[in-house]
>>> print(open('data.cif').read())   # mmCIF, C-alpha atoms and all ligand atoms
data_run
#
loop_
_atom_site.label_atom_id
_atom_site.label_comp_id
_atom_site.auth_asym_id
_atom_site.auth_seq_id
_atom_site.Cartn_x
_atom_site.Cartn_y
_atom_site.Cartn_z
CA MET A 1 9.94 14.43 -0.76
CA ALA A 2 11.45 13.77 2.58
CA ASN A 3 13.67 11.41 4.42
CA VAL A 4 12.28 9.30 7.23
CA ARG A 5 14.27 8.20 10.24
CA LEU A 6 13.12 5.58 12.70
CA THR A 7 15.18 5.24 15.85
CA ASN A 8 14.88 2.21 18.07
CA ILE A 9 11.13 1.80 17.65
CA ARG A 10 9.47 -0.53 20.10
CA LYS A 11 5.86 -1.50 20.37
CA SER A 12 3.96 -3.58 22.86
CA PHE A 13 0.29 -4.42 22.94
CA GLY A 14 -0.36 -5.09 26.61
CA LYS A 15 2.35 -7.50 27.70
CA THR A 16 3.18 -8.65 24.20
CA GLN A 17 6.08 -6.92 22.53
CA VAL A 18 5.66 -6.99 18.75
CA LEU A 19 8.49 -4.65 17.64
CA HIS A 20 11.89 -4.97 19.28
CA GLY A 21 13.86 -1.84 18.51
CA ILE A 22 13.72 -1.02 14.81
CA SER A 23 16.03 1.63 13.39
CA LEU A 24 15.84 2.64 9.75
CA ASP A 25 17.01 5.54 7.62
CA ILE A 26 14.95 6.04 4.51
CA ALA A 27 16.37 8.45 1.97
CA SER A 28 14.37 11.13 0.24
CA GLY A 29 12.68 9.62 -2.82
CA GLU A 30 13.53 6.08 -1.86
CA PHE A 31 11.07 3.21 -2.42
CA ILE A 32 11.47 0.86 0.49
CA SER A 33 9.58 -2.35 1.18
CA LEU A 34 8.89 -3.78 4.59
CA LEU A 35 8.74 -7.46 3.83
CA GLY A 36 7.81 -10.22 6.21
CA ALA A 37 5.43 -12.99 7.10
CA SER A 38 2.02 -12.39 8.59
CA GLY A 39 2.28 -11.11 12.14
CA CYS A 40 5.90 -9.93 11.99
CA GLY A 41 4.82 -6.37 12.77
CA LYS A 42 5.10 -4.59 9.42
CA THR A 43 1.62 -3.06 9.45
CA THR A 44 2.12 -1.89 13.02
CA LEU A 45 5.37 -0.19 12.02
CA LEU A 46 3.72 1.52 9.05
CA ARG A 47 0.78 2.67 11.19
CA MET A 48 3.23 4.22 13.62
CA VAL A 49 4.91 6.18 10.82
CA ALA A 50 1.42 7.31 9.79
CA GLY A 51 0.58 8.38 13.33
CA LEU A 52 -2.31 5.90 13.60
CA GLU A 53 -0.58 3.92 16.33
CA ARG A 54 1.51 5.23 19.22
CA VAL A 55 5.07 4.06 19.68
CA THR A 56 5.90 2.41 23.00
CA ALA A 57 9.46 3.74 22.73
CA GLY A 58 11.64 5.28 20.05
CA ALA A 59 11.44 8.25 17.71
CA ILE A 60 10.14 8.98 14.23
CA GLU A 61 11.52 11.88 12.22
CA ILE A 62 10.26 13.11 8.86
CA ASP A 63 12.53 15.58 7.12
CA GLY A 64 14.48 16.17 10.33
CA ARG A 65 11.33 17.00 12.30
CA ASP A 66 10.38 14.82 15.26
CA VAL A 67 6.81 13.71 14.52
CA THR A 68 6.65 10.94 17.14
CA SER A 69 3.76 12.52 19.00
CA LEU A 70 2.11 14.42 16.15
CA PRO A 71 -1.32 13.40 14.84
CA PRO A 72 -1.48 11.99 11.29
CA GLU A 73 -2.67 15.22 9.64
CA GLN A 74 0.45 17.07 10.79
CA ARG A 75 2.90 14.57 9.30
CA ASP A 76 2.65 15.31 5.57
CA ILE A 77 2.08 11.66 4.77
CA ALA A 78 -0.56 9.78 2.83
CA MET A 79 -1.50 6.19 3.34
CA MET A 80 -3.24 3.68 1.16
CA PHE A 81 -4.57 0.44 2.57
CA GLN A 82 -5.45 -2.96 1.25
CA SER A 83 -9.13 -2.05 1.68
CA TYR A 84 -9.26 1.28 0.01
CA ALA A 85 -12.88 2.25 0.84
CA LEU A 86 -14.01 4.79 -1.73
CA LEU A 87 -17.12 6.75 -0.89
CA PRO A 88 -19.84 5.16 -3.05
CA HIS A 89 -22.07 8.21 -3.49
CA LEU A 90 -19.24 10.48 -4.67
CA SER A 91 -17.84 10.58 -8.19
CA VAL A 92 -14.27 9.53 -8.86
CA ALA A 93 -13.18 13.18 -8.97
CA GLU A 94 -14.98 13.97 -5.70
CA ASN A 95 -13.42 10.96 -4.02
CA VAL A 96 -9.97 12.13 -5.03
CA ARG A 97 -10.78 15.69 -3.94
CA PHE A 98 -11.99 14.49 -0.54
CA PRO A 99 -8.70 14.84 1.41
CA LEU A 100 -8.19 18.35 0.01
CA ARG A 101 -11.67 19.35 1.13
CA MET A 102 -11.19 17.82 4.57
CA ARG A 103 -7.97 19.73 5.10
CA GLY A 104 -9.23 22.90 3.46
CA MET A 105 -6.28 22.87 1.06
CA GLY A 106 -6.48 25.57 -1.61
CA THR A 107 -9.35 27.18 -3.49
CA ARG A 108 -11.93 25.17 -5.40
CA GLU A 109 -10.09 25.90 -8.62
CA GLU A 110 -6.73 24.80 -7.18
CA GLN A 111 -8.34 21.63 -5.88
CA ARG A 112 -9.80 20.91 -9.32
CA GLU A 113 -6.35 21.26 -10.88
CA LYS A 114 -4.77 18.93 -8.32
CA VAL A 115 -7.51 16.33 -8.77
CA LYS A 116 -7.05 16.49 -12.53
CA ALA A 117 -3.29 16.01 -12.23
CA ALA A 118 -3.66 13.10 -9.77
CA LEU A 119 -6.20 11.35 -11.99
CA GLU A 120 -3.96 11.81 -14.99
CA THR A 121 -1.05 10.33 -13.06
CA VAL A 122 -3.04 7.13 -12.58
CA GLN A 123 -4.46 7.36 -16.11
CA LEU A 124 -8.05 7.77 -15.06
CA GLY A 125 -8.75 11.30 -16.28
CA HIS A 126 -11.46 10.00 -18.61
CA LEU A 127 -13.44 8.36 -15.78
CA ALA A 128 -13.60 11.37 -13.45
CA GLU A 129 -17.39 11.56 -13.42
CA ARG A 130 -18.09 7.88 -12.81
CA LYS A 131 -19.16 6.43 -9.48
CA PRO A 132 -16.89 3.84 -7.83
CA ARG A 133 -19.37 1.00 -8.51
CA GLN A 134 -19.02 1.70 -12.25
CA LEU A 135 -15.31 0.89 -12.08
CA SER A 136 -13.36 -2.38 -12.07
CA GLY A 137 -11.40 -3.40 -8.99
CA GLY A 138 -8.14 -2.25 -10.55
CA GLN A 139 -9.60 1.12 -11.51
CA GLN A 140 -10.93 1.60 -7.97
CA GLN A 141 -7.46 0.86 -6.68
CA ARG A 142 -6.04 3.54 -8.93
CA VAL A 143 -8.62 6.03 -7.66
CA ALA A 144 -7.48 5.23 -4.13
CA LEU A 145 -3.90 5.85 -5.21
CA ALA A 146 -4.87 9.16 -6.80
CA ARG A 147 -6.60 10.10 -3.54
CA ALA A 148 -3.41 9.26 -1.64
CA ILE A 149 -1.13 11.38 -3.83
CA VAL A 150 -3.47 14.33 -4.47
CA SER A 151 -2.36 16.25 -1.41
CA GLN A 152 1.25 15.94 -2.57
CA PRO A 153 2.42 14.24 0.59
CA LYS A 154 6.08 14.06 1.47
CA VAL A 155 5.83 10.36 2.22
CA LEU A 156 3.54 7.73 0.73
CA LEU A 157 2.69 4.71 2.85
CA LEU A 158 1.23 1.67 1.12
CA ASP A 159 -0.09 -1.30 3.08
CA GLU A 160 -0.43 -4.34 0.82
CA PRO A 161 -2.29 -2.19 -1.70
CA LEU A 162 -2.29 -4.83 -4.42
CA SER A 163 -3.23 -7.91 -2.45
CA ASN A 164 -6.91 -7.84 -3.39
CA LEU A 165 -6.21 -7.79 -7.12
CA ASP A 166 -6.02 -10.81 -9.36
CA ALA A 167 -2.61 -11.87 -10.65
CA ARG A 168 -2.73 -10.05 -13.98
CA LEU A 169 -4.03 -6.76 -12.58
CA ARG A 170 -1.50 -6.96 -9.85
CA GLU A 171 1.32 -7.10 -12.37
CA ASP A 172 -0.13 -4.12 -14.24
CA MET A 173 -0.42 -2.14 -11.02
CA GLN A 174 3.14 -3.02 -10.03
CA VAL A 175 4.38 -1.53 -13.28
CA GLU A 176 2.18 1.49 -12.71
CA LEU A 177 3.51 1.98 -9.19
CA ILE A 178 7.07 1.86 -10.46
CA GLU A 179 6.26 4.45 -13.13
CA ILE A 180 4.39 6.72 -10.73
CA HIS A 181 7.26 6.50 -8.28
CA GLN A 182 9.72 7.39 -11.02
CA ARG A 183 7.60 10.35 -12.09
CA LEU A 184 6.78 11.78 -8.66
CA GLY A 185 9.85 10.58 -6.77
CA LEU A 186 7.83 10.24 -3.56
CA THR A 187 9.49 8.67 -0.57
CA THR A 188 7.50 5.46 -0.38
CA ILE A 189 7.19 2.78 2.29
CA PHE A 190 5.49 -0.32 0.97
CA VAL A 191 4.32 -3.15 3.19
CA THR A 192 4.06 -6.59 1.66
CA HIS A 193 4.40 -10.27 2.48
CA ASP A 194 5.05 -11.00 -1.20
CA GLN A 195 8.74 -11.35 -1.95
CA GLU A 196 8.31 -10.98 -5.71
CA GLU A 197 6.47 -7.73 -5.22
CA ALA A 198 9.18 -6.45 -2.91
CA LEU A 199 11.95 -7.54 -5.30
CA SER A 200 10.34 -5.95 -8.33
CA LEU A 201 9.31 -2.63 -6.80
CA SER A 202 11.89 -1.57 -4.26
CA ASP A 203 15.12 0.35 -4.11
CA ARG A 204 15.67 -1.38 -0.80
CA ILE A 205 14.03 -4.23 1.06
CA VAL A 206 13.84 -4.44 4.82
CA LEU A 207 13.15 -8.02 5.78
CA LEU A 208 11.38 -8.27 9.13
CA ASN A 209 11.22 -11.35 11.28
CA ALA A 210 9.28 -11.42 14.55
CA GLY A 211 9.52 -7.69 15.14
CA LYS A 212 13.20 -7.30 14.22
CA VAL A 213 15.11 -6.39 11.08
CA GLU A 214 16.51 -9.67 9.77
CA GLN A 215 18.36 -8.15 6.83
CA GLN A 216 18.16 -5.08 4.65
CA GLY A 217 19.62 -4.37 1.26
CA THR A 218 18.91 -3.84 -2.41
CA PRO A 219 16.71 -6.49 -4.05
CA ASP A 220 19.85 -7.90 -5.65
CA GLU A 221 21.65 -8.18 -2.31
CA ILE A 222 18.66 -9.67 -0.55
CA TYR A 223 18.11 -12.20 -3.30
CA ASN A 224 21.70 -13.15 -4.03
CA GLN A 225 23.31 -12.74 -0.63
CA PRO A 226 20.77 -13.76 1.98
CA ALA A 227 22.54 -13.34 5.30
CA THR A 228 20.69 -15.92 7.34
CA GLY A 229 18.78 -19.15 6.99
CA PHE A 230 15.56 -17.23 7.52
CA ALA A 231 16.40 -14.78 4.72
CA SER A 232 17.35 -17.61 2.33
CA ASN A 233 14.19 -19.45 3.06
CA PHE A 234 11.92 -16.43 2.87
CA ILE A 235 13.36 -14.96 -0.32
CA GLY A 236 13.32 -17.38 -3.19
CA SER A 237 12.17 -20.10 -0.82
CA ALA A 238 15.48 -21.91 -0.75
CA ASN A 239 15.84 -25.44 0.48
CA LEU A 240 17.65 -25.58 3.78
CA LEU A 241 19.59 -28.80 4.24
CA PRO A 242 21.83 -29.86 7.11
CA ALA A 243 25.25 -30.97 5.92
CA GLU A 244 28.84 -31.27 7.03
CA ILE A 245 31.65 -29.66 5.08
CA ILE A 246 34.67 -31.90 4.69
CA ASP A 247 37.73 -32.00 2.46
CA GLY A 248 37.14 -34.06 -0.66
CA PRO A 249 39.81 -35.12 -3.15
CA GLN A 250 39.22 -31.99 -5.25
CA GLY A 251 38.34 -29.48 -2.56
CA PRO A 252 35.57 -28.91 -0.06
CA VAL A 253 32.37 -30.89 -0.36
CA ALA A 254 29.16 -30.89 1.63
CA ARG A 255 28.26 -34.31 2.96
CA PHE A 256 24.59 -35.01 3.65
CA ASP A 257 23.28 -37.31 6.38
CA ASP A 258 23.19 -40.28 3.99
CA GLY A 259 26.85 -39.85 2.98
CA GLN A 260 26.22 -38.34 -0.48
CA THR A 261 28.33 -35.30 -1.30
CA LEU A 262 27.96 -32.08 -3.26
CA ALA A 263 30.94 -30.09 -4.57
CA LEU A 264 31.43 -26.59 -3.17
CA GLU A 265 33.50 -23.67 -4.41
CA PRO A 266 37.22 -24.17 -3.69
CA GLN A 267 37.40 -21.01 -1.57
CA VAL A 268 34.84 -22.22 0.98
CA ALA A 269 36.91 -22.22 4.15
CA THR A 270 34.32 -23.46 6.65
CA ARG A 271 34.51 -27.05 7.86
CA GLY A 272 32.03 -28.89 10.05
CA LYS A 273 28.29 -28.83 10.47
CA VAL A 274 26.38 -26.18 8.50
CA THR A 275 23.10 -25.56 6.75
CA LEU A 276 23.13 -25.32 2.97
CA ALA A 277 20.66 -23.03 1.23
CA LEU A 278 19.83 -24.26 -2.27
CA ARG A 279 17.44 -22.20 -4.37
CA GLN A 280 14.68 -24.14 -6.01
CA GLU A 281 15.33 -22.44 -9.34
CA ASP A 282 19.08 -23.12 -9.21
CA LEU A 283 18.75 -26.90 -9.10
CA THR A 284 18.81 -28.90 -12.29
CA LEU A 285 17.71 -32.51 -12.50
CA SER A 286 18.79 -35.29 -14.80
CA ALA A 287 18.04 -38.99 -15.08
CA ASP A 288 21.70 -39.94 -14.74
CA GLY A 289 25.06 -38.23 -14.31
CA THR A 290 27.18 -37.68 -11.25
CA GLY A 291 26.02 -35.86 -8.18
CA PRO A 292 23.74 -36.54 -5.27
CA ARG A 293 20.63 -38.55 -6.03
CA ALA A 294 17.20 -37.58 -4.76
CA ARG A 295 13.89 -39.40 -5.04
CA VAL A 296 10.91 -37.66 -6.65
CA ARG A 297 7.80 -37.63 -4.46
CA THR A 298 5.50 -35.29 -6.35
CA ARG A 299 5.53 -33.21 -9.48
CA VAL A 300 3.45 -30.05 -9.54
CA PHE A 301 2.65 -28.67 -12.98
CA LEU A 302 2.90 -24.85 -12.96
CA GLY A 303 2.45 -24.07 -16.64
CA ALA A 304 5.80 -22.68 -17.69
CA ARG A 305 7.61 -24.72 -15.07
CA ASN A 306 7.38 -27.82 -12.95
CA ARG A 307 8.02 -28.04 -9.27
CA TYR A 308 9.47 -31.33 -8.13
CA VAL A 309 9.21 -32.25 -4.50
CA MET A 310 11.91 -34.79 -3.69
CA THR A 311 13.62 -36.41 -0.76
CA LEU A 312 17.34 -36.13 -0.20
CA ALA A 313 18.92 -37.82 2.79
CA GLY A 314 15.55 -37.90 4.51
CA HIS A 315 14.88 -34.17 3.97
CA PRO A 316 12.36 -32.60 1.60
CA LEU A 317 13.89 -30.83 -1.37
CA ARG A 318 12.11 -28.73 -3.97
CA ALA A 319 13.24 -27.78 -7.45
CA LEU A 320 11.70 -25.52 -10.06
CA THR A 321 12.59 -26.67 -13.54
CA ALA A 322 11.66 -26.05 -17.14
CA ASN A 323 8.51 -27.93 -18.00
CA ASP A 324 10.06 -30.13 -20.65
CA LEU A 325 11.46 -32.50 -18.04
CA GLU A 326 9.36 -35.45 -17.10
CA PHE A 327 10.27 -37.46 -14.06
CA GLY A 328 7.80 -39.76 -12.40
CA ASN A 329 6.97 -40.28 -8.77
CA GLY A 330 9.43 -42.63 -7.09
CA GLN A 331 12.12 -42.01 -9.72
CA ASP A 332 15.67 -41.25 -8.60
CA VAL A 333 17.21 -38.17 -10.20
CA THR A 334 20.65 -36.60 -10.11
CA LEU A 335 20.95 -33.09 -8.80
CA ALA A 336 23.29 -30.46 -10.14
CA ILE A 337 23.85 -26.90 -9.00
CA ASP A 338 26.44 -24.26 -9.81
CA PRO A 339 28.70 -24.25 -6.71
CA ALA A 340 28.67 -20.43 -6.80
CA ARG A 341 24.92 -20.55 -6.14
CA ILE A 342 25.24 -22.62 -2.98
CA ARG A 343 25.02 -20.61 0.23
CA VAL A 344 26.61 -21.94 3.36
CA ILE A 345 24.88 -20.85 6.52
CA HIS A 346 26.70 -21.35 9.78
CA ASP A 347 24.68 -23.05 12.45
N1 LIG B 1 -4.33 -3.54 18.31
C1 LIG B 1 -3.67 -4.65 18.63
N2 LIG B 1 -3.79 -5.23 19.82
C2 LIG B 1 -3.11 -6.35 20.13
N3 LIG B 1 -2.25 -6.96 19.31
C3 LIG B 1 -2.08 -6.44 18.09
C4 LIG B 1 -2.78 -5.26 17.66
N4 LIG B 1 -2.40 -4.97 16.40
C5 LIG B 1 -1.53 -5.93 16.04
N5 LIG B 1 -1.31 -6.80 17.05
C6 LIG B 1 -0.39 -7.96 17.03
O1 LIG B 1 0.88 -7.49 16.69
C7 LIG B 1 1.55 -8.42 15.83
C8 LIG B 1 1.97 -7.72 14.56
O2 LIG B 1 0.82 -7.36 13.81
P1 LIG B 1 0.91 -6.64 12.40
O3 LIG B 1 -0.47 -6.41 11.92
O4 LIG B 1 1.81 -5.49 12.50
O5 LIG B 1 1.60 -7.76 11.54
P2 LIG B 1 1.84 -7.81 9.98
O6 LIG B 1 3.24 -8.21 9.81
O7 LIG B 1 1.40 -6.57 9.34
O8 LIG B 1 0.89 -9.01 9.57
P3 LIG B 1 -0.19 -9.11 8.37
O9 LIG B 1 0.60 -9.26 7.12
O10 LIG B 1 -0.93 -10.36 8.75
O11 LIG B 1 -1.01 -7.87 8.44
C9 LIG B 1 0.57 -9.56 15.62
O12 LIG B 1 0.92 -10.61 16.48
C10 LIG B 1 -0.77 -8.97 15.97
O13 LIG B 1 -1.62 -9.97 16.47
#
>>> encode(input="data.cif", output="C-alpha cells", more="lines below")
Ligand SMILES: Nc1ncnc2c1ncn2[C@@H]1O[C@H](COP(=O)(O)OP(=O)(O)OP(=O)(O)O)[C@@H](O)[C@H]1O
Amino acid sequence: MANVRLTNIRKSFGKTQVLHGISLDIASGEFISLLGASGCGKTTLLRMVAGLERVTAGAIEIDGRDVTSLPPEQRDIAMMFQSYALLPHLSVAENVRFPLRMRGMGTREEQREKVKAALETVQLGHLAERKPRQLSGGQQQRVALARAIVSQPKVLLLDEPLSNLDARLREDMQVELIEIHQRLGLTTIFVTHDQEEALSLSDRIVLLNAGKVEQQGTPDEIYNQPATGFASNFIGSANLLPAEIIDGPQGPVARFDDGQTLALEPQVATRGKVTLALRQEDLTLSADGTGPRARVRTRVFLGARNRYVMTLAGHPLRALTANDLEFGNGQDVTLAIDPARIRVIHD
C-alpha cells in the first residue's frame, strides 16, 4: 500500500495540451475513480502514473518517492486495461505467473504460492490449468486481475476494466472488485466514463473535464452536491434549465422563460438569472395538481422505470419515474420536486 501524489501534472501531445495542471493526493489504501467523458484525459493521466507516458510538466510521487522519470517496472504498480490480452498458449496459472517470471521475483515455489493466492482471491483456483480460450469473458477478466495483483503491487491502476463485459457480469465484477479491494486494501486508481461504476466503487471520485479537475469528493458529495453545471449534468444526468429567481408570495421561486414558476427552499438567497439542475429521478409527474406544466414528447420504456422526455418553456426535460405511470405523447403533466433537491447554479 502506498500513497500517490500528483503535483501540477501537464501533458501536451505536440501543440495540443490535454492535461492542464492536475494535482491529487491519493491516500494509502484509497479507491479513487477518475471519471470523465471520452477524451478528457483520464487514460493519459493513468498511463503517466504507470510510467507508460511521460509527463510534460509536474511530478508523480509514490510513497514519498519521486517516480516521475522512473520506468514502469521500478514503480511498484500494476495496471489492468480494458483489453486484457492473456497469452493464449499459457494456462491460467502460467498467465498469472508471467509477471513474476519476467521480473525474476522469488523461487519457483514462492511464485507458485503467490499464483495460488492470487487465483484464490479472484475465485479461480479451480481453473488454474485451463487455457484462456476455455474461459468465459468474465473469467478471463478475473485472470487478468489476478495477474495484476500477483506481484503485490503498491498501487493498482485499472483502465475501464469492466467495459467489455455485459451488464450482468459487470455488476458481478463490480462487487468482486469492492470485495478484493476490501481484502487487499490496495491503493487503487480506476478510470471510467461510467458514473454508476464510479459511484458504486469509489472512496472518492475525481471528475475530470477537458483536462482539468472539475470536482472531487466522496460519491455522496459528488452525487448530492454537484458544484457546477457540468458536474450536475454528468452525474445523474440532471436537467439544466435557465430560470430567474424572484420573490414569490411565499418565498423565492424560479421563473422559467414561459412565466411558470417552481417553489424553492426559503433559504435560497440568490436572485436573478441562474441555471437550475433538476435530477431526472427527483421529478414526479401527475396528470393534474399545482406546479409547472410540461408537455410529454416521448416515453421510453426501461423495464422497471419509464423515462419521459418533455418540453418545459421550450427546453427539453427528462424524468425517470416508476413504470406504473402512463402518460401519452402530447399530454400535459404537472411536475413536482422536493425543493431541497433543486440545485441552483450561478451563471
Ligand atoms: N499519443 C497521443 N498522441 C496525440 N494525442 C493523443 C495521444 N493520446 C491521447 N491523445 C489525445 O489526448 C486526449 C485525451 O485522451 P485520453 O485517452 O487520455 O482520454 P480519455 O479521457 O481516457 O478518453 P477515452 O475514455 O475515450 O479513452 C484526446 O483528445 C486524445 O485524442
>>> residues_near_ligand(input="data.cif", ligand="ligand LIG 1 (chain B)", cutoff="6 Å", atoms="all atoms listed in the file", output="list in words")
Phe13, Val18, Ala37, Ser38, Gly39, Cys40, Gly41, Lys42, Thr43 and Thr44 of chain A
>>> residues_around(input="data.cif", residues="Ala263 (chain A)", least_positions_apart="4", cutoff="9 Å", atoms="only C-alpha atoms", output="PyMOL selection string")
chain A and resi 248+250-254+291+337+339
>>> closest_residue(input="data.cif", among="A:Lys114, A:Lys131, A:Arg108, A:Arg297", to="Ala148 (chain A)", atoms="all atoms listed in the file")
A:Lys114
>>> atom_distance(input="data.cif", atom1="CA of Thr218 (chain A)", atom2="CA of Gln174 (chain A)")
17.5 Å
>>> closest_residue(input="data.cif", among="A:Leu262, A:Val274, A:Ala2, A:Met105", to="Gly229 (chain A)", atoms="all atoms listed in the file")
A:Val274
>>> atom_distance(input="data.cif", atom1="CA of Phe230 (chain A)", atom2="CA of Glu214 (chain A)")
7.9 Å
>>> atom_distance(input="data.cif", atom1="CA of Ala336 (chain A)", atom2="CA of Pro226 (chain A)")
20.8 Å
>>> axis_aligned_box(input="data.cif", around="region 235-253 of chain A", padding_each_side="5 Å", output="lines of an AutoDock Vina configuration file")
center_x = 26.0
center_y = -25.0
center_z = 0.9
size_x = 37.6
size_y = 30.2
size_z = 22.4
>>> residues_around(input="data.cif", residues="Gln331 (chain A)", least_positions_apart="3", cutoff="12 Å", atoms="all atoms listed in the file", output="list in words")
Leu285, Ser286, Ala287, Asp288, Arg293, Ala294, Arg295, Val296, Arg297, Thr298, Arg299, Tyr308, Val309, Met310, Thr311, Glu326, Phe327, Gly328 and Thr334 of chain A
>>> residues_near_point(input="data.cif", point="(8.2, 13.2, 23.2)", cutoff="12 Å", atoms="all atoms listed in the file", output="PyMOL selection string")
chain A and resi 54-61+65-70
>>> closest_residue(input="data.cif", among="A:Val122, A:Leu158, A:Ile149, A:Val206", to="Met173 (chain A)", atoms="all atoms listed in the file")
A:Val122
>>> residues_around(input="data.cif", residues="region 192-199 of chain A", least_positions_apart="2", cutoff="9 Å", atoms="only C-alpha atoms", output="PyMOL selection string")
chain A and resi 32-38+42-43+158-163+171+174+190+201-205+218-220+222-223+234-236
>>> write_last_selection(input="data.cif", atoms="C-alpha atoms", output="compact mmCIF listing (two decimals), in the frame of the given file")
# COMPACT_ATOMS: atom_id res chain seq x y z
CA ILE A 32 11.47 0.86 0.49
CA SER A 33 9.58 -2.35 1.18
CA LEU A 34 8.89 -3.78 4.59
CA LEU A 35 8.74 -7.46 3.83
CA GLY A 36 7.81 -10.22 6.21
CA ALA A 37 5.43 -12.99 7.10
CA SER A 38 2.02 -12.39 8.59
CA LYS A 42 5.10 -4.59 9.42
CA THR A 43 1.62 -3.06 9.45
CA LEU A 158 1.23 1.67 1.12
CA ASP A 159 -0.09 -1.30 3.08
CA GLU A 160 -0.43 -4.34 0.82
CA PRO A 161 -2.29 -2.19 -1.70
CA LEU A 162 -2.29 -4.83 -4.42
CA SER A 163 -3.23 -7.91 -2.45
CA GLU A 171 1.32 -7.10 -12.37
CA GLN A 174 3.14 -3.02 -10.03
CA PHE A 190 5.49 -0.32 0.97
CA LEU A 201 9.31 -2.63 -6.80
CA SER A 202 11.89 -1.57 -4.26
CA ASP A 203 15.12 0.35 -4.11
CA ARG A 204 15.67 -1.38 -0.80
CA ILE A 205 14.03 -4.23 1.06
CA THR A 218 18.91 -3.84 -2.41
CA PRO A 219 16.71 -6.49 -4.05
CA ASP A 220 19.85 -7.90 -5.65
CA ILE A 222 18.66 -9.67 -0.55
CA TYR A 223 18.11 -12.20 -3.30
CA PHE A 234 11.92 -16.43 2.87
CA ILE A 235 13.36 -14.96 -0.32
CA GLY A 236 13.32 -17.38 -3.19
>>> residues_around(input="data.cif", residues="Glu281 (chain A)", least_positions_apart="5", cutoff="12 Å", atoms="only C-alpha atoms", output="VMD selection string")
chain A and resid 235 to 239 305 to 308 317 to 322 336 to 338 341 to 342
>>> closest_residue(input="data.cif", among="A:Arg279, A:Gln141, A:Leu186, A:Asp247", to="Ala231 (chain A)", atoms="all atoms listed in the file")
A:Arg279
